[in-house]
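Data block below; observations after.
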Amino acid sequence: MASRLVLRIQERYARLTAGEQKLAQLILDRQDDILTHSATEIAEMAGVSKATAARFFQHLGYSDFNEVKLQAREERNRTEPYEYSVTNSEQVALGRTIGAHLELELKNLTKTFEEMRSDKVREAAELIAAAPRVWVLGFGSEEGFARYARLLLSRLRHNVMILGINQGSWAEDLAMTGPKDVLLVITLPPHNTLLKPILSYAATSRLNVITITDRGSMLEAQRHSRVVLPCHVASFALGASHTAVGSAIRLLMLTYAAHAGKSAQQRSEIIAGIHEELGDFD
């Protein structure tokens, strides 16, 4: 996956010509073609001229297509297969150095945001902005992150609720959902058995599902989600790392805040004023 190329395209897309945007969309949809096709072939697939392709890559800051292909090969070679545990069972986290732990966490963050599409984050923010209500769902370890997401988002907009906040209240909460509501799902394997029937109900109720999950679950998540934000969660032991998940939640909320603009700022200021009146913060 030519992730740095994708980031450059997303940053400059609005300034590209119509022909360059056709080429950009082809690359976004078929990123691996960079490794297996020539510049001429890619231009032909996009229906543009070789000259347009040359200008396109130069506008993105590359000297020529060979530099693009070399970068893509380097990224492919340093991308490791996804896995939860990157060590043998006897090499648990307590036996690792702080440096090794830091290196793995940084790798999770770096790979997550190199590969995450900014247009998908914006689409998720727009769905949240248009939603009458936002419901947040997380099971097990992810329940805490669902509460974190709800707390951040409730500082920016109204009607943000945890789905199933009271044990056994799934049916009652689902009965309150409606078309165009957003269901923000935060889930990592092993997925709770309740997840599938809840998502099935969400589909029949026309909820817009946004899912934050691991890359291994991405294809399955795409079947029921309008937007999927995949994260790298490799760890030495004790299950998945949630570092990138927490950061992805925060990125989504910051993107929503920027999209909502003044209304989000006003709500944040109102809540800050209420906290001051309550005196619940030092």
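Labels for the structure tokens follow display order: chains A, B, ..., residues from 1 in each chain, ligands from 1.
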Every residue of region 34-183 of chain A that DSSP places in strand (DSSP E or B), as JSON, numbers by chain: {"A": [85, 134, 135, 136, 137, 138, 160, 161, 162, 182, 183]}
Could you turn the residues from that selection into a file that holds all heavy atoms, as a PDB file, in the first residue's frame?
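Written output follows (part_13.pdb):
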```
ATOM      1  N   SER A  85       0.049 -11.201  18.750  1.00  0.00           N
ATOM      2  CA  SER A  85       1.220 -11.445  19.570  1.00  0.00           C
ATOM      3  C   SER A  85       2.430 -11.584  18.675  1.00  0.00           C
ATOM      4  O   SER A  85       2.469 -12.427  17.796  1.00  0.00           O
ATOM      5  CB  SER A  85       1.052 -12.733  20.387  1.00  0.00           C
ATOM      6  OG  SER A  85       2.211 -12.960  21.169  1.00  0.00           O
ATOM      7  N   VAL A 134     -26.530   9.995  18.311  1.00  0.00           N
ATOM      8  CA  VAL A 134     -25.352   9.151  18.137  1.00  0.00           C
ATOM      9  C   VAL A 134     -25.313   8.145  19.276  1.00  0.00           C
ATOM     10  O   VAL A 134     -25.400   8.516  20.455  1.00  0.00           O
ATOM     11  CB  VAL A 134     -24.043   9.974  18.121  1.00  0.00           C
ATOM     12  CG1 VAL A 134     -22.831   9.038  17.995  1.00  0.00           C
ATOM     13  CG2 VAL A 134     -24.052  10.972  16.965  1.00  0.00           C
ATOM     14  N   TRP A 135     -25.192   6.869  18.911  1.00  0.00           N
ATOM     15  CA  TRP A 135     -25.089   5.785  19.883  1.00  0.00           C
ATOM     16  C   TRP A 135     -23.692   5.200  19.794  1.00  0.00           C
ATOM     17  O   TRP A 135     -23.161   5.021  18.701  1.00  0.00           O
ATOM     18  CB  TRP A 135     -26.125   4.711  19.586  1.00  0.00           C
ATOM     19  CG  TRP A 135     -27.527   5.221  19.569  1.00  0.00           C
ATOM     20  CD1 TRP A 135     -28.177   5.825  18.532  1.00  0.00           C
ATOM     21  CD2 TRP A 135     -28.450   5.202  20.660  1.00  0.00           C
ATOM     22  NE1 TRP A 135     -29.447   6.187  18.891  1.00  0.00           N
ATOM     23  CE2 TRP A 135     -29.652   5.807  20.191  1.00  0.00           C
ATOM     24  CE3 TRP A 135     -28.400   4.732  21.967  1.00  0.00           C
ATOM     25  CZ2 TRP A 135     -30.774   5.950  20.996  1.00  0.00           C
ATOM     26  CZ3 TRP A 135     -29.524   4.868  22.766  1.00  0.00           C
ATOM     27  CH2 TRP A 135     -30.690   5.471  22.290  1.00  0.00           C
ATOM     28  N   VAL A 136     -23.094   4.897  20.936  1.00  0.00           N
ATOM     29  CA  VAL A 136     -21.738   4.350  20.962  1.00  0.00           C
ATOM     30  C   VAL A 136     -21.779   2.979  21.617  1.00  0.00           C
ATOM     31  O   VAL A 136     -22.429   2.793  22.656  1.00  0.00           O
ATOM     32  CB  VAL A 136     -20.773   5.284  21.723  1.00  0.00           C
ATOM     33  CG1 VAL A 136     -19.332   4.819  21.524  1.00  0.00           C
ATOM     34  CG2 VAL A 136     -20.930   6.729  21.264  1.00  0.00           C
ATOM     35  N   LEU A 137     -21.083   2.015  20.997  1.00  0.00           N
ATOM     36  CA  LEU A 137     -21.140   0.637  21.470  1.00  0.00           C
ATOM     37  C   LEU A 137     -19.734   0.047  21.585  1.00  0.00           C
ATOM     38  O   LEU A 137     -18.924   0.157  20.672  1.00  0.00           O
ATOM     39  CB  LEU A 137     -21.950  -0.222  20.486  1.00  0.00           C
ATOM     40  CG  LEU A 137     -21.978  -1.734  20.734  1.00  0.00           C
ATOM     41  CD1 LEU A 137     -22.655  -2.049  22.072  1.00  0.00           C
ATOM     42  CD2 LEU A 137     -22.702  -2.438  19.589  1.00  0.00           C
ATOM     43  N   GLY A 138     -19.475  -0.574  22.730  1.00  0.00           N
ATOM     44  CA  GLY A 138     -18.225  -1.296  22.927  1.00  0.00           C
ATOM     45  C   GLY A 138     -18.435  -2.397  23.950  1.00  0.00           C
ATOM     46  O   GLY A 138     -19.162  -2.204  24.934  1.00  0.00           O
ATOM     47  N   VAL A 160     -25.871  12.151  22.592  1.00  0.00           N
ATOM     48  CA  VAL A 160     -24.839  11.123  22.432  1.00  0.00           C
ATOM     49  C   VAL A 160     -25.006  10.137  23.584  1.00  0.00           C
ATOM     50  O   VAL A 160     -24.927  10.529  24.747  1.00  0.00           O
ATOM     51  CB  VAL A 160     -23.416  11.723  22.451  1.00  0.00           C
ATOM     52  CG1 VAL A 160     -22.387  10.629  22.156  1.00  0.00           C
ATOM     53  CG2 VAL A 160     -23.293  12.856  21.440  1.00  0.00           C
ATOM     54  N   MET A 161     -25.244   8.876  23.259  1.00  0.00           N
ATOM     55  CA  MET A 161     -25.602   7.898  24.289  1.00  0.00           C
ATOM     56  C   MET A 161     -24.836   6.593  24.118  1.00  0.00           C
ATOM     57  O   MET A 161     -24.484   6.224  23.004  1.00  0.00           O
ATOM     58  CB  MET A 161     -27.112   7.615  24.245  1.00  0.00           C
ATOM     59  CG  MET A 161     -27.955   8.818  24.652  1.00  0.00           C
ATOM     60  SD  MET A 161     -29.601   8.807  23.896  1.00  0.00           S
ATOM     61  CE  MET A 161     -29.217   9.280  22.219  1.00  0.00           C
ATOM     62  N   ILE A 162     -24.592   5.920  25.219  1.00  0.00           N
ATOM     63  CA  ILE A 162     -24.021   4.576  25.203  1.00  0.00           C
ATOM     64  C   ILE A 162     -25.139   3.577  24.943  1.00  0.00           C
ATOM     65  O   ILE A 162     -26.163   3.590  25.638  1.00  0.00           O
ATOM     66  CB  ILE A 162     -23.339   4.244  26.540  1.00  0.00           C
ATOM     67  CG1 ILE A 162     -22.162   5.188  26.795  1.00  0.00           C
ATOM     68  CG2 ILE A 162     -22.883   2.785  26.548  1.00  0.00           C
ATOM     69  CD1 ILE A 162     -20.934   4.911  25.967  1.00  0.00           C
ATOM     70  N   VAL A 182     -26.516   7.579  14.094  1.00  0.00           N
ATOM     71  CA  VAL A 182     -25.203   6.952  13.915  1.00  0.00           C
ATOM     72  C   VAL A 182     -24.956   5.971  15.054  1.00  0.00           C
ATOM     73  O   VAL A 182     -25.226   6.285  16.218  1.00  0.00           O
ATOM     74  CB  VAL A 182     -24.082   8.005  13.863  1.00  0.00           C
ATOM     75  CG1 VAL A 182     -22.719   7.379  14.166  1.00  0.00           C
ATOM     76  CG2 VAL A 182     -24.032   8.665  12.494  1.00  0.00           C
ATOM     77  N   LEU A 183     -24.460   4.797  14.698  1.00  0.00           N
ATOM     78  CA  LEU A 183     -23.981   3.838  15.688  1.00  0.00           C
ATOM     79  C   LEU A 183     -22.482   3.726  15.519  1.00  0.00           C
ATOM     80  O   LEU A 183     -21.994   3.229  14.502  1.00  0.00           O
ATOM     81  CB  LEU A 183     -24.646   2.477  15.483  1.00  0.00           C
ATOM     82  CG  LEU A 183     -24.140   1.344  16.393  1.00  0.00           C
ATOM     83  CD1 LEU A 183     -24.347   1.681  17.871  1.00  0.00           C
ATOM     84  CD2 LEU A 183     -24.823   0.023  16.052  1.00  0.00           C
TER      85      LEU A 183
END
```
Residue contacts of region 261-276 of chain A (7 Å, only C-alpha atoms) excluding same-chain residues fewer than 3 positions away, as a PyMOL selection string: chain A and resi 155-157+257-258+279-281
Store the residues picked out above in a file with N, CA, C and O atoms, as a short mmCIF file (atom, residue, chain, number, x, y, z; two decimals), in the first residue's frame.
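Below is the file again04.cif, written as the result:
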```
data_model
loop_
_atom_site.label_atom_id
_atom_site.label_comp_id
_atom_site.auth_asym_id
_atom_site.auth_seq_id
_atom_site.Cartn_x
_atom_site.Cartn_y
_atom_site.Cartn_z
N ARG A 155 -19.22 16.59 24.54
CA ARG A 155 -18.74 17.96 24.74
C ARG A 155 -18.90 18.81 23.49
O ARG A 155 -18.73 20.04 23.54
N LEU A 156 -19.23 18.16 22.36
CA LEU A 156 -19.29 18.85 21.08
C LEU A 156 -20.69 18.89 20.47
O LEU A 156 -20.96 19.73 19.62
N ARG A 157 -21.57 17.96 20.89
CA ARG A 157 -22.93 17.93 20.36
C ARG A 157 -23.86 17.26 21.36
O ARG A 157 -23.42 16.64 22.33
N ALA A 257 -15.26 18.18 15.36
CA ALA A 257 -15.25 19.53 15.93
C ALA A 257 -14.94 20.57 14.85
O ALA A 257 -15.57 21.63 14.80
N ALA A 258 -13.98 20.25 13.98
CA ALA A 258 -13.64 21.18 12.90
C ALA A 258 -14.80 21.32 11.92
O ALA A 258 -15.08 22.41 11.41
N GLY A 279 -18.01 23.49 40.33
CA GLY A 279 -16.78 23.42 41.11
C GLY A 279 -16.22 22.03 41.25
O GLY A 279 -15.59 21.69 42.25
N ASP A 280 -16.48 21.17 40.22
CA ASP A 280 -16.05 19.78 40.34
C ASP A 280 -14.64 19.55 39.84
O ASP A 280 -14.10 18.45 39.92
N PHE A 281 -14.00 20.60 39.28
CA PHE A 281 -12.60 20.51 38.86
C PHE A 281 -11.76 21.49 39.66
O PHE A 281 -12.20 22.60 39.96
#
```
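For the residues A:Ala43, A:Leu104, A:Leu70, A:Leu152, ranking by smallest atom-to-atom distance to Ala234 (chain A) using only C-alpha atoms places A:Leu104 first.
Look at Asn108 (chain A): the protein and nucleic acid residues within 10 Å of it, using only C-alpha atoms and passing over chain neighbours fewer than 4 places away, are Leu102, Glu103, Leu104, Thr112, Phe113, Cys231, His232, Val233, Ala234, Ser235, Ser241, His242, Thr243, Ala244 and Val245 of chain A.
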Atomic separation - CA of Met116 (chain A) relative to CA of Pro132 (chain A), Å: 26.6 Å
Exercise: region 224-230 of chain A partners within 6 Å, only C-alpha atoms, chain neighbours under 6 positions left out, as a PDB file with N, CA, C and O atoms, in the first residue's frame:
```
ATOM      1  N   VAL A 209     -23.660   3.067  10.417  1.00  0.00           N
ATOM      2  CA  VAL A 209     -22.687   2.455  11.314  1.00  0.00           C
ATOM      3  C   VAL A 209     -21.280   2.926  10.955  1.00  0.00           C
ATOM      4  O   VAL A 209     -20.865   2.870   9.797  1.00  0.00           O
ATOM      5  N   ILE A 210     -20.570   3.388  11.954  1.00  0.00           N
ATOM      6  CA  ILE A 210     -19.146   3.718  11.847  1.00  0.00           C
ATOM      7  C   ILE A 210     -18.408   2.743  12.755  1.00  0.00           C
ATOM      8  O   ILE A 210     -18.730   2.647  13.941  1.00  0.00           O
ATOM      9  N   THR A 211     -17.439   2.026  12.218  1.00  0.00           N
ATOM     10  CA  THR A 211     -16.747   1.012  13.007  1.00  0.00           C
ATOM     11  C   THR A 211     -15.263   1.317  13.117  1.00  0.00           C
ATOM     12  O   THR A 211     -14.598   1.574  12.117  1.00  0.00           O
ATOM     13  N   ILE A 212     -14.767   1.304  14.339  1.00  0.00           N
ATOM     14  CA  ILE A 212     -13.326   1.371  14.608  1.00  0.00           C
ATOM     15  C   ILE A 212     -12.905  -0.023  15.041  1.00  0.00           C
ATOM     16  O   ILE A 212     -13.411  -0.541  16.047  1.00  0.00           O
ATOM     17  N   THR A 213     -12.022  -0.652  14.287  1.00  0.00           N
ATOM     18  CA  THR A 213     -11.665  -2.040  14.551  1.00  0.00           C
ATOM     19  C   THR A 213     -10.226  -2.301  14.119  1.00  0.00           C
ATOM     20  O   THR A 213      -9.520  -1.378  13.700  1.00  0.00           O
ATOM     21  N   ASP A 214      -9.790  -3.550  14.230  1.00  0.00           N
ATOM     22  CA  ASP A 214      -8.440  -3.920  13.786  1.00  0.00           C
ATOM     23  C   ASP A 214      -8.460  -4.203  12.295  1.00  0.00           C
ATOM     24  O   ASP A 214      -9.520  -4.463  11.699  1.00  0.00           O
ATOM     25  N   ARG A 215      -7.298  -4.204  11.674  1.00  0.00           N
ATOM     26  CA  ARG A 215      -7.226  -4.419  10.236  1.00  0.00           C
ATOM     27  C   ARG A 215      -7.686  -5.822   9.849  1.00  0.00           C
ATOM     28  O   ARG A 215      -8.219  -6.029   8.754  1.00  0.00           O
TER      29      ARG A 215
END
```
